$ cat target11.txt   # compact mmCIF, C-alpha atoms and all ligand atoms
# COMPACT_ATOMS: atom_id res chain seq x y z
CA MET A 607 -5.14 25.32 -23.73
CA ARG A 608 -7.56 22.54 -24.59
CA GLY A 609 -6.41 19.79 -26.97
CA ALA A 610 -4.34 16.61 -26.92
CA ALA A 611 -2.58 15.75 -23.68
CA ALA A 612 1.18 16.28 -23.46
CA PRO A 613 3.22 13.04 -23.61
CA SER A 614 4.94 13.17 -20.23
CA PRO A 615 3.71 15.15 -17.24
CA LEU A 616 5.66 17.92 -15.55
CA VAL A 617 4.66 16.51 -12.17
CA ALA A 618 3.55 12.96 -11.38
CA VAL A 619 2.02 12.49 -7.93
CA SER A 620 1.58 8.94 -6.74
CA ASP A 621 -0.30 7.72 -3.66
CA LEU A 622 0.60 10.87 -1.72
CA LYS A 623 -0.30 10.93 1.97
CA VAL A 624 0.10 13.99 4.19
CA GLN A 625 -0.53 13.99 7.93
CA ILE A 626 -0.88 17.02 10.18
CA GLY A 627 -0.51 16.85 13.95
CA THR A 628 -3.16 18.82 15.88
CA ASP A 629 -4.17 19.06 19.55
CA ASP A 630 -7.01 16.64 18.77
CA GLY A 631 -4.83 14.06 17.05
CA LEU A 632 -3.37 13.31 13.64
CA VAL A 633 -5.32 14.59 10.59
CA ARG A 634 -4.94 12.57 7.41
CA ALA A 635 -5.29 15.74 5.34
CA VAL A 636 -4.30 14.00 2.12
CA ASP A 637 -4.90 10.29 2.07
CA GLY A 638 -3.44 8.64 -1.01
CA VAL A 639 -3.88 10.90 -4.03
CA THR A 640 -2.56 10.11 -7.50
CA PHE A 641 -2.59 12.59 -10.36
CA ASP A 642 -0.41 14.24 -13.03
CA VAL A 643 0.10 17.90 -13.85
CA PRO A 644 0.58 17.87 -17.65
CA ARG A 645 2.94 20.34 -19.33
CA GLY A 646 1.36 23.56 -20.54
CA ARG A 647 -2.10 22.65 -19.26
CA THR A 648 -4.28 23.55 -16.31
CA LEU A 649 -5.34 20.97 -13.78
CA CYS A 650 -8.05 22.13 -11.40
CA ILE A 651 -8.44 20.54 -8.00
CA VAL A 652 -11.99 21.13 -6.84
CA GLY A 653 -13.87 20.24 -3.66
CA GLU A 654 -15.52 21.71 -0.58
CA SER A 655 -13.61 23.35 2.23
CA GLY A 656 -11.40 20.94 4.15
CA SER A 657 -11.10 18.37 1.36
CA GLY A 658 -7.31 18.68 1.27
CA LYS A 659 -6.83 20.85 -1.84
CA SER A 660 -4.44 23.40 -0.31
CA VAL A 661 -2.38 20.81 1.54
CA THR A 662 -2.01 18.88 -1.74
CA GLY A 663 -0.88 22.03 -3.57
CA ARG A 664 1.60 22.98 -0.88
CA ALA A 665 2.98 19.42 -0.72
CA LEU A 666 4.14 19.92 -4.33
CA MET A 667 6.54 22.55 -2.99
CA ASN A 668 7.20 20.52 0.19
CA LEU A 669 5.80 23.54 2.02
CA LEU A 670 3.66 22.15 4.82
CA PRO A 671 2.61 23.49 8.22
CA PRO A 672 5.29 22.86 10.90
CA SER A 673 3.29 19.94 12.31
CA GLY A 674 2.69 18.44 8.85
CA ARG A 675 4.65 15.70 7.15
CA ILE A 676 4.57 13.70 3.95
CA ALA A 677 3.81 10.24 5.26
CA ALA A 678 3.93 8.29 2.00
CA GLY A 679 3.98 8.50 -1.78
CA SER A 680 6.06 10.35 -4.34
CA ILE A 681 5.97 13.64 -6.23
CA LEU A 682 8.17 13.36 -9.30
CA TYR A 683 9.05 16.73 -10.75
CA ALA A 684 10.62 16.61 -14.23
CA GLY A 685 13.69 18.88 -14.08
CA ARG A 686 14.91 20.97 -17.02
CA ASP A 687 17.84 18.56 -17.43
CA GLY A 688 15.45 15.65 -18.01
CA GLN A 689 16.10 14.18 -14.55
CA ALA A 690 13.10 13.67 -12.26
CA VAL A 691 13.38 14.88 -8.66
CA ASP A 692 11.21 13.32 -5.95
CA VAL A 693 10.10 16.38 -4.00
CA THR A 694 9.02 14.22 -1.04
CA ARG A 695 12.65 13.15 -0.51
CA LEU A 696 14.02 16.67 -0.22
CA ASP A 697 14.73 18.36 3.09
CA PRO A 698 11.88 20.95 3.38
CA ARG A 699 14.43 23.55 4.49
CA GLY A 700 17.29 22.37 2.29
CA ARG A 701 19.05 24.06 -0.61
CA GLN A 702 17.53 21.88 -3.34
CA ILE A 703 13.88 22.55 -2.51
CA ARG A 704 14.58 26.26 -1.98
CA SER A 705 16.04 26.46 -5.48
CA LEU A 706 12.86 24.83 -6.86
CA ARG A 707 10.52 27.18 -4.98
CA GLY A 708 10.03 30.42 -6.84
CA LYS A 709 12.33 29.52 -9.70
CA GLU A 710 10.64 26.32 -10.93
CA ILE A 711 7.42 26.18 -8.90
CA SER A 712 5.58 29.31 -7.76
CA LEU A 713 2.54 29.85 -5.58
CA ILE A 714 -0.19 32.48 -5.54
CA SER A 715 -2.88 32.34 -2.91
CA GLN A 716 -6.26 33.81 -2.05
CA GLU A 717 -4.89 36.63 0.06
CA PRO A 718 -2.20 38.59 -1.79
CA MET A 719 -1.40 40.62 1.34
CA ALA A 720 -0.11 37.43 2.95
CA ALA A 721 2.46 37.05 0.17
CA LEU A 722 3.56 40.69 0.18
CA SER A 723 5.42 42.57 2.88
CA PRO A 724 3.43 45.66 3.90
CA VAL A 725 6.56 47.61 4.85
CA HIS A 726 8.44 47.25 1.57
CA THR A 727 7.69 48.73 -1.84
CA ILE A 728 6.79 46.41 -4.70
CA GLY A 729 10.21 47.07 -6.22
CA GLN A 730 12.00 46.20 -2.97
CA GLN A 731 10.19 42.86 -3.05
CA LEU A 732 10.38 42.01 -6.75
CA VAL A 733 13.92 43.09 -7.62
CA PRO A 734 15.94 41.01 -5.09
CA VAL A 735 13.95 37.85 -5.95
CA ILE A 736 14.61 38.34 -9.66
CA ARG A 737 18.31 39.11 -9.03
CA ARG A 738 18.77 36.00 -6.93
CA HIS A 739 16.92 33.52 -9.12
CA LEU A 740 17.87 34.83 -12.56
CA ASN A 741 21.36 35.96 -11.57
CA LEU A 742 20.90 39.46 -13.00
CA SER A 743 22.44 42.83 -12.20
CA LYS A 744 20.31 45.26 -10.18
CA LYS A 745 19.55 47.32 -13.29
CA ALA A 746 18.57 44.30 -15.39
CA ALA A 747 16.43 42.95 -12.52
CA GLN A 748 14.66 46.32 -12.24
CA ALA A 749 13.96 46.27 -15.98
CA ARG A 750 12.55 42.74 -15.65
CA ALA A 751 10.37 43.83 -12.71
CA VAL A 752 8.94 46.71 -14.76
CA GLU A 753 8.37 44.37 -17.71
CA MET A 754 6.51 41.86 -15.50
CA LEU A 755 4.28 44.52 -13.90
CA GLY A 756 3.45 45.74 -17.40
CA ARG A 757 2.66 42.22 -18.59
CA VAL A 758 0.19 41.61 -15.79
CA GLY A 759 -1.60 44.85 -16.68
CA ILE A 760 -0.35 47.33 -14.05
CA PRO A 761 -0.46 50.81 -15.62
CA ARG A 762 2.71 52.99 -15.33
CA PRO A 763 4.77 50.02 -14.04
CA ALA A 764 8.06 51.91 -13.58
CA GLU A 765 6.38 54.37 -11.19
CA ARG A 766 4.39 51.69 -9.40
CA LEU A 767 7.61 49.91 -8.37
CA ASN A 768 7.91 52.60 -5.70
CA ASN A 769 4.45 51.98 -4.24
CA TYR A 770 3.58 49.89 -1.18
CA PRO A 771 1.03 47.03 -1.37
CA PHE A 772 -1.68 49.07 0.44
CA GLU A 773 -1.58 51.56 -2.43
CA PHE A 774 -3.04 48.93 -4.80
CA SER A 775 -6.65 47.67 -5.06
CA GLY A 776 -7.34 43.97 -4.29
CA GLY A 777 -7.33 43.01 -7.99
CA MET A 778 -4.14 44.98 -8.68
CA ARG A 779 -2.47 43.39 -5.64
CA GLN A 780 -3.29 39.97 -7.02
CA ARG A 781 -1.72 41.06 -10.32
CA VAL A 782 1.42 42.09 -8.42
CA CYS A 783 1.50 38.64 -6.81
CA ILE A 784 1.21 37.00 -10.22
CA ALA A 785 4.07 39.20 -11.46
CA LEU A 786 6.12 38.16 -8.41
CA ALA A 787 5.26 34.49 -8.91
CA LEU A 788 6.09 34.51 -12.63
CA SER A 789 9.05 36.89 -12.61
CA CYS A 790 11.57 34.04 -12.46
CA ARG A 791 9.92 32.08 -15.29
CA PRO A 792 8.69 29.08 -13.27
CA ARG A 793 7.36 26.06 -15.11
CA LEU A 794 4.60 25.31 -12.59
CA LEU A 795 2.23 27.81 -11.01
CA ILE A 796 0.17 26.67 -8.04
CA ALA A 797 -2.81 29.02 -7.84
CA ASP A 798 -4.67 28.43 -4.57
CA GLU A 799 -8.10 30.12 -4.80
CA PRO A 800 -6.43 33.20 -6.35
CA THR A 801 -9.72 34.82 -7.40
CA THR A 802 -11.98 33.91 -4.47
CA ALA A 803 -11.61 37.26 -2.69
CA LEU A 804 -12.18 39.28 -5.88
CA ASP A 805 -15.33 40.62 -7.54
CA VAL A 806 -16.62 38.78 -10.60
CA THR A 807 -15.15 41.15 -13.20
CA THR A 808 -11.71 41.21 -11.60
CA GLN A 809 -11.93 37.43 -11.22
CA ALA A 810 -12.56 37.08 -14.98
CA ASN A 811 -9.67 39.44 -15.77
CA ILE A 812 -7.25 37.45 -13.62
CA ILE A 813 -8.32 34.18 -15.25
CA ASP A 814 -7.84 35.71 -18.73
CA LEU A 815 -4.40 36.91 -17.64
CA LEU A 816 -3.34 33.47 -16.39
CA GLN A 817 -4.52 31.88 -19.65
CA GLU A 818 -2.62 34.44 -21.70
CA LEU A 819 0.58 33.91 -19.69
CA GLN A 820 0.13 30.18 -20.07
CA ARG A 821 -0.18 30.47 -23.87
CA GLU A 822 2.91 32.66 -24.07
CA ASP A 823 5.16 30.74 -21.66
CA GLY A 824 3.86 27.15 -21.82
CA LEU A 825 3.26 27.33 -18.07
CA SER A 826 1.64 24.39 -16.26
CA ILE A 827 -1.00 25.48 -13.74
CA LEU A 828 -2.41 23.66 -10.74
CA PHE A 829 -5.52 25.69 -9.95
CA ILE A 830 -7.25 25.08 -6.62
CA THR A 831 -10.86 26.18 -6.21
CA HIS A 832 -14.19 25.25 -4.67
CA ASP A 833 -16.00 26.96 -7.56
CA LEU A 834 -17.03 24.81 -10.54
CA GLY A 835 -17.91 27.95 -12.50
CA VAL A 836 -14.21 28.89 -12.37
CA VAL A 837 -13.26 25.30 -13.27
CA ALA A 838 -15.38 25.52 -16.44
CA GLU A 839 -13.48 28.68 -17.40
CA ILE A 840 -9.92 27.62 -16.82
CA ALA A 841 -9.48 23.82 -16.56
CA ASP A 842 -8.17 21.37 -19.10
CA ASP A 843 -8.23 18.57 -16.54
CA VAL A 844 -10.06 18.22 -13.23
CA ALA A 845 -9.53 16.25 -10.02
CA VAL A 846 -12.43 16.24 -7.56
CA MET A 847 -11.38 15.88 -3.90
CA TYR A 848 -13.39 14.76 -0.90
CA LEU A 849 -12.01 14.08 2.60
CA GLY A 850 -8.40 13.98 1.47
CA ARG A 851 -8.98 11.70 -1.49
CA ILE A 852 -9.56 12.21 -5.21
CA VAL A 853 -12.98 10.72 -5.94
CA GLU A 854 -12.94 11.34 -9.68
CA ARG A 855 -10.69 12.83 -12.32
CA GLY A 856 -10.92 13.46 -16.04
CA THR A 857 -10.83 16.13 -18.70
CA VAL A 858 -13.04 19.14 -18.08
CA ASP A 859 -15.45 17.88 -20.74
CA GLU A 860 -15.68 14.43 -19.16
CA ILE A 861 -16.31 15.86 -15.71
CA PHE A 862 -19.03 18.27 -16.86
CA ALA A 863 -20.71 16.07 -19.49
CA ASP A 864 -20.38 12.67 -17.86
CA PRO A 865 -19.67 12.92 -14.12
CA ARG A 866 -19.40 9.45 -12.62
CA HIS A 867 -19.21 10.20 -8.91
CA PRO A 868 -22.32 11.30 -6.98
CA TYR A 869 -20.21 13.94 -5.23
CA THR A 870 -19.22 15.50 -8.57
CA ARG A 871 -22.90 15.40 -9.59
CA ALA A 872 -23.93 17.11 -6.39
CA LEU A 873 -21.26 19.81 -6.85
CA LEU A 874 -22.47 20.38 -10.43
CA LYS A 875 -26.06 20.73 -9.26
CA SER A 876 -24.98 23.47 -6.88
CA VAL A 877 -23.55 25.67 -9.68
CA PRO A 878 -25.80 28.50 -10.88
CA ARG A 879 -26.39 28.36 -14.63
CA LEU A 880 -27.48 30.90 -17.16
CA GLY A 881 -31.08 30.39 -18.22
CA SER A 882 -32.05 28.39 -15.14
CA GLY A 883 -34.73 30.98 -14.48
CA ARG A 884 -35.14 33.53 -11.76
CA GLY A 885 -36.10 32.17 -8.43
CA SER A 886 -35.05 28.60 -9.22
CA ARG A 887 -33.29 27.23 -6.15
CA LEU A 888 -29.76 25.98 -6.15
CA ALA A 889 -29.32 22.51 -4.74
CA ALA A 890 -27.02 22.41 -1.73
CA ILE A 891 -25.20 19.21 -0.93
CA ARG A 892 -27.02 17.74 2.03
CA GLY A 893 -25.21 17.24 5.34
CA MET A 894 -21.76 18.42 6.26
CA VAL A 895 -18.27 17.32 5.38
CA PRO A 896 -17.45 14.84 8.20
CA SER A 897 -14.74 15.70 10.70
CA PRO A 898 -11.37 14.41 9.51
CA PHE A 899 -11.30 12.33 12.71
CA GLU A 900 -14.55 10.54 11.86
CA ARG A 901 -14.07 9.05 8.44
CA PRO A 902 -17.26 7.07 7.70
CA GLN A 903 -17.16 3.31 7.23
CA GLY A 904 -17.54 2.15 3.62
CA CYS A 905 -17.58 4.98 1.09
CA ASP A 906 -16.51 8.36 2.56
CA PHE A 907 -19.40 10.14 0.83
CA HIS A 908 -22.23 7.67 1.60
CA PRO A 909 -23.83 9.63 4.51
CA ARG A 910 -24.50 12.53 2.10
CA CYS A 911 -25.05 10.53 -1.09
CA GLU A 912 -28.47 10.47 -2.77
CA ALA A 913 -27.60 7.25 -4.59
CA ALA A 914 -26.17 5.35 -1.59
CA ILE A 915 -27.36 1.77 -1.21
CA LYS A 916 -27.83 0.53 2.34
CA GLY A 917 -25.71 -2.45 3.23
CA VAL A 918 -23.36 -1.73 0.33
CA CYS A 919 -22.07 1.84 0.37
CA ASP A 920 -21.99 2.01 4.19
CA THR A 921 -19.96 -1.19 4.35
CA ILE A 922 -17.67 -1.57 1.34
CA ASP A 923 -14.75 0.75 0.63
CA PRO A 924 -15.15 1.29 -3.13
CA GLY A 925 -11.43 1.64 -3.81
CA THR A 926 -10.85 3.10 -7.28
CA ILE A 927 -12.69 1.93 -10.34
CA THR A 928 -11.73 2.22 -14.02
CA ILE A 929 -14.46 2.67 -16.60
CA GLY A 930 -12.99 2.83 -20.11
CA PRO A 931 -10.71 5.88 -20.22
CA ARG A 932 -11.97 7.07 -16.83
CA ARG A 933 -9.56 5.96 -14.12
CA GLY A 934 -9.76 6.43 -10.39
CA VAL A 935 -13.50 6.83 -9.75
CA ARG A 936 -14.20 6.11 -6.06
CA CYS A 937 -17.77 4.85 -6.33
CA ILE A 938 -19.00 1.32 -6.47
CA LEU A 939 -22.03 2.41 -8.54
CA ALA A 940 -20.00 4.36 -11.10
CA ARG A 941 -20.15 1.61 -13.69
CA GLU A 942 -23.89 2.10 -13.93
CA PRO A 943 -24.64 5.80 -14.52
CA ALA A 944 -28.39 5.01 -14.39
CA ALA A 945 -27.99 3.87 -10.78
CA LEU A 946 -26.67 7.32 -9.91
CA GLY A 947 -29.84 9.09 -10.94
CA GLY A 948 -29.55 10.02 -14.63
CA ALA A 949 -28.21 13.28 -16.07
CA ALA A 950 -26.41 15.34 -13.48
CA HIS A 951 -26.18 18.69 -15.08
CA GLY A 952 -29.53 18.79 -16.80
N1 LIG B 1 -2.08 24.09 9.62
C1 LIG B 1 -2.97 23.14 9.86
N2 LIG B 1 -3.14 22.63 11.10
C2 LIG B 1 -4.04 21.65 11.34
N3 LIG B 1 -4.84 21.11 10.40
C3 LIG B 1 -4.74 21.58 9.16
C4 LIG B 1 -3.81 22.62 8.81
N4 LIG B 1 -3.93 22.87 7.47
C5 LIG B 1 -4.90 22.03 7.04
N5 LIG B 1 -5.39 21.26 8.03
C6 LIG B 1 -6.43 20.23 7.93
O1 LIG B 1 -6.18 19.45 6.79
C7 LIG B 1 -7.38 19.16 6.11
C8 LIG B 1 -7.28 19.65 4.67
O2 LIG B 1 -7.20 21.08 4.67
P1 LIG B 1 -6.99 21.95 3.37
O3 LIG B 1 -6.71 23.35 3.81
O4 LIG B 1 -6.01 21.31 2.46
O5 LIG B 1 -8.44 21.89 2.70
P2 LIG B 1 -8.99 22.71 1.48
O6 LIG B 1 -9.73 21.75 0.63
O7 LIG B 1 -7.89 23.48 0.84
O8 LIG B 1 -10.02 23.70 2.19
P3 LIG B 1 -10.16 25.28 2.11
O9 LIG B 1 -10.84 25.54 0.80
O10 LIG B 1 -11.01 25.63 3.29
O11 LIG B 1 -8.75 25.83 2.20
C9 LIG B 1 -8.49 19.81 6.88
O12 LIG B 1 -9.07 18.85 7.74
C10 LIG B 1 -7.78 20.88 7.68
O13 LIG B 1 -8.45 21.15 8.88
$ encode --input "target11.txt" --output "C-alpha cells"
Amino acid sequence: MRGAAAPSPLVAVSDLKVQIGTDDGLVRAVDGVTFDVPRGRTLCIVGESGSGKSVTGRALMNLLPPSGRIAAGSILYAGRDGQAVDVTRLDPRGRQIRSLRGKEISLISQEPMAALSPVHTIGQQLVPVIRRHLNLSKKAAQARAVEMLGRVGIPRPAERLNNYPFEFSGGMRQRVCIALALSCRPRLLIADEPTTALDVTTQANIIDLLQELQREDGLSILFITHDLGVVAEIADDVAVMYLGRIVERGTVDEIFADPRHPYTRALLKSVPRLGSGRGSRLAAIRGMVPSPFERPQGCDFHPRCEAAIKGVCDTIDPGTITIGPRRGVRCILAREPAALGGAAHG
C-alpha cells in the first residue's frame, strides 16, 4: 500500500512509557516512544530481541503483563464516530477496552497455538466471537466463519470448522489465527512476529495474504519483527527500536536508502542480500543489547556503535534530532551522514 500518507492517523502514540515490575527491579520496557499508525498502511516496528517491540504493540490494546503498567504518555485511537479514545486511560479489564479488543484492534502473534484453545474445534472458537462482536445469529456467524476461513486460503472451510488446531499445519494454523483476528472486521491488526516460526515459503504466503486483506479492507497494520527482509516486503513506514526507545523512523524507502542512525545501518548490514556472493560473511552487530537495568550513559547505543566519538557519545544524551523531513533520529551525528561511515547498504 505504498503512496501518499493518509491525512490523520488511526492511532497516535505520544511519549509512551511502560514499566514492568520484576524480581530484579522495575524495567523501563518502553521509554518514551512517539509514532503514528496511519490508516490503511503498514508500520513495521523493528529491532533486536528485548528492544520493547512486543510491549509497545500490546500497550496499544492496554494488554500488558500483570506487573506492567503504562507510566506515561497517550495512545489516541480514532473511533468510528470520529471521537478519539485515549487507550491509556481505560481500565485494562473494563468494558470499553474489551469492546475495542477483537472488534476494533486485533492481535496475531508468533505462536498460533497460544491464541487457540487445543480442546475446542476451530468453529467452537470462531463462531461465538463473531456472534458476540457482530451481533449475528448462530447460522449467520457460522457462514461468516466459513467465509473467513475461505478468504485466508483454508481449503474446504465448512468441513475444517469441525477440526481441532492440532489437525492443521503451522502455516494453516497461522491462517486460522488471521481469520479469527479479522473475523470481526477490526480496523487495526497488530501482527507480532507472525511469520517468525514459519518456513520461508509459508512466510511469503502469509505476508501476501495480509497485504491482500489490507487492500480489500483498508486495514491498518502494526507489524512487529526483528527481520529487515520482512520489513522490506511489507512496510510502508518503519520505526527502529533500541532499548525501549525509537531511534529512527521514516518511510521504508527512507530507512533503506538513507538510514541516519548507526543502529539502523548495523541492522541493514546484517541482512543477507541477493547477489552478495557465496561465502560472503554477514556482519553481526558487535556486543550485546545491554541489560534493561544498565542503560549506558550518553547515547544508549554508543558501546556498540562503530561511529561513536569518545567524550561525546558516551556523555551526551542525543535526544531526538530533526533533519529535513526526518524527525526523531536519536543520534548526535545524524546530521552528518559522512561521519557515520558512508553508504550503509552498499
Ligand atoms: N512479562 C514480562 N516480565 C518481565 N519483563 C518483561 C516482560 N515482558 C517484557 N519484559 C521486558 O521488557 C523489555 C521489552 O521486551 P519486549 O518483549 O517488548 O521486547 P521485544 O523487542 O518484543 O523482544 P522479542 O523479539 O524477544 O519479543 C525486555 O527487557 C523484557 O525483558
$ closest_atom_pairs --input "target11.txt" --of "chain A" --to "ligand LIG 1 (chain B)" --cutoff "9 Å" --atoms "only C-alpha atoms and all ligand atoms" --output "tab-separated table"
residue	atom	partner	partner_atom	distance
A:Val624	CA	B:LIG1	O1	8.7
A:Gln625	CA	B:LIG1	O1	7.9
A:Ile626	CA	B:LIG1	N3	5.7
A:Gly627	CA	B:LIG1	C2	6.5
A:Thr628	CA	B:LIG1	C2	5.4
A:Asp629	CA	B:LIG1	C2	8.6
A:Leu632	CA	B:LIG1	N3	8.6
A:Val633	CA	B:LIG1	O1	6.2
A:Arg634	CA	B:LIG1	O1	7.0
A:Ala635	CA	B:LIG1	C7	4.1
A:Val636	CA	B:LIG1	C8	6.9
A:Ile651	CA	B:LIG1	O6	8.8
A:Val652	CA	B:LIG1	O6	7.8
A:Gly653	CA	B:LIG1	O6	6.2
A:Glu654	CA	B:LIG1	O6	5.9
A:Ser655	CA	B:LIG1	O8	3.6
A:Gly656	CA	B:LIG1	O5	3.4
A:Ser657	CA	B:LIG1	O6	3.7
A:Gly658	CA	B:LIG1	O4	3.2
A:Lys659	CA	B:LIG1	O7	3.9
A:Ser660	CA	B:LIG1	O7	3.6
A:Val661	CA	B:LIG1	O4	3.8
A:Thr662	CA	B:LIG1	O4	6.3
A:Gly663	CA	B:LIG1	O4	7.9
A:Arg664	CA	B:LIG1	O4	8.5
A:Leu670	CA	B:LIG1	N1	7.7
A:Pro671	CA	B:LIG1	N1	4.9
A:Pro672	CA	B:LIG1	N1	7.6
A:Ser673	CA	B:LIG1	N2	7.1
A:Gly674	CA	B:LIG1	C1	7.4
A:Asp798	CA	B:LIG1	O7	8.0
A:Glu799	CA	B:LIG1	O9	7.7
A:Ile830	CA	B:LIG1	O7	7.7
A:Thr831	CA	B:LIG1	O9	7.0
A:His832	CA	B:LIG1	O9	6.4
A:Met847	CA	B:LIG1	O6	7.6
A:Tyr848	CA	B:LIG1	O6	8.0
A:Leu849	CA	B:LIG1	C8	7.6
A:Gly850	CA	B:LIG1	C8	6.6
A:Ser897	CA	B:LIG1	O12	7.1
A:Pro898	CA	B:LIG1	O12	5.3
A:Phe899	CA	B:LIG1	O12	8.5
$ closest_residue --input "target11.txt" --among "A:Arg699, A:Arg738, A:Arg750, A:Arg892" --to "Lys875 in chain A" --atoms "only C-alpha atoms"
A:Arg892
$ closest_residue --input "target11.txt" --among "A:Arg791, A:Arg704, A:Arg781, A:His867" --to "Gln809 in chain A" --atoms "all atoms listed in the file"
A:Arg781
$ atom_distance --input "target11.txt" --atom1 "CA of Glu860 in chain A" --atom2 "CA of Leu682 in chain A"
25.8 Å
$ residues_around --input "target11.txt" --residues "Gly934 in chain A" --least-positions-apart "5" --cutoff "8 Å" --atoms "all atoms listed in the file" --output "PyMOL selection string"
chain A and resi 852-855+926-928
$ atom_distance --input "target11.txt" --atom1 "CA of Lys623 in chain A" --atom2 "CA of Arg675 in chain A"
8.6 Å
$ atom_distance --input "target11.txt" --atom1 "CA of Leu816 in chain A" --atom2 "CA of Thr648 in chain A"
10.0 Å
$ residues_around --input "target11.txt" --residues "Ser712 in chain A" --least-positions-apart "5" --cutoff "12 Å" --atoms "only C-alpha atoms" --output "MDAnalysis selection string"
chainID A and resid 663:664 666:669 703:707 721 783:798 825:829
$ write_last_selection --input "target11.txt" --atoms "C-alpha atoms" --output "short mmCIF file (atom, residue, chain, number, x, y, z; two decimals), in the frame of the given file"
data_model
loop_
_atom_site.label_atom_id
_atom_site.label_comp_id
_atom_site.auth_asym_id
_atom_site.auth_seq_id
_atom_site.Cartn_x
_atom_site.Cartn_y
_atom_site.Cartn_z
CA GLY A 663 -0.88 22.03 -3.57
CA ARG A 664 1.60 22.98 -0.88
CA LEU A 666 4.14 19.92 -4.33
CA MET A 667 6.54 22.55 -2.99
CA ASN A 668 7.20 20.52 0.19
CA LEU A 669 5.80 23.54 2.02
CA ILE A 703 13.88 22.55 -2.51
CA ARG A 704 14.58 26.26 -1.98
CA SER A 705 16.04 26.46 -5.48
CA LEU A 706 12.86 24.83 -6.86
CA ARG A 707 10.52 27.18 -4.98
CA ALA A 721 2.46 37.05 0.17
CA CYS A 783 1.50 38.64 -6.81
CA ILE A 784 1.21 37.00 -10.22
CA ALA A 785 4.07 39.20 -11.46
CA LEU A 786 6.12 38.16 -8.41
CA ALA A 787 5.26 34.49 -8.91
CA LEU A 788 6.09 34.51 -12.63
CA SER A 789 9.05 36.89 -12.61
CA CYS A 790 11.57 34.04 -12.46
CA ARG A 791 9.92 32.08 -15.29
CA PRO A 792 8.69 29.08 -13.27
CA ARG A 793 7.36 26.06 -15.11
CA LEU A 794 4.60 25.31 -12.59
CA LEU A 795 2.23 27.81 -11.01
CA ILE A 796 0.17 26.67 -8.04
CA ALA A 797 -2.81 29.02 -7.84
CA ASP A 798 -4.67 28.43 -4.57
CA LEU A 825 3.26 27.33 -18.07
CA SER A 826 1.64 24.39 -16.26
CA ILE A 827 -1.00 25.48 -13.74
CA LEU A 828 -2.41 23.66 -10.74
CA PHE A 829 -5.52 25.69 -9.95
#
$ closest_residue --input "target11.txt" --among "A:Leu732, A:Cys911, A:Val752, A:Ala665" --to "Glu765 in chain A" --atoms "only C-alpha atoms"
A:Val752
$ closest_residue --input "target11.txt" --among "A:Gly893, A:Pro931, A:Gly917, A:Pro800" --to "Ser715 in chain A" --atoms "only C-alpha atoms"
A:Pro800
$ closest_residue --input "target11.txt" --among "A:Leu722, A:Val836, A:Val639, A:Val619" --to "Arg936 in chain A" --atoms "all atoms listed in the file"
A:Val639
$ axis_aligned_box --input "target11.txt" --around "range 618-636 of chain A" --padding-each-side "3 Å" --output "lines of an AutoDock Vina configuration file"
center_x = -1.7
center_y = 13.4
center_z = 4.1
size_x = 16.6
size_y = 17.3
size_z = 36.9
$ closest_residue --input "target11.txt" --among "A:Val877, A:Leu713, A:Ile676, A:Leu815" --to "Val837 in chain A" --atoms "only C-alpha atoms"
A:Val877
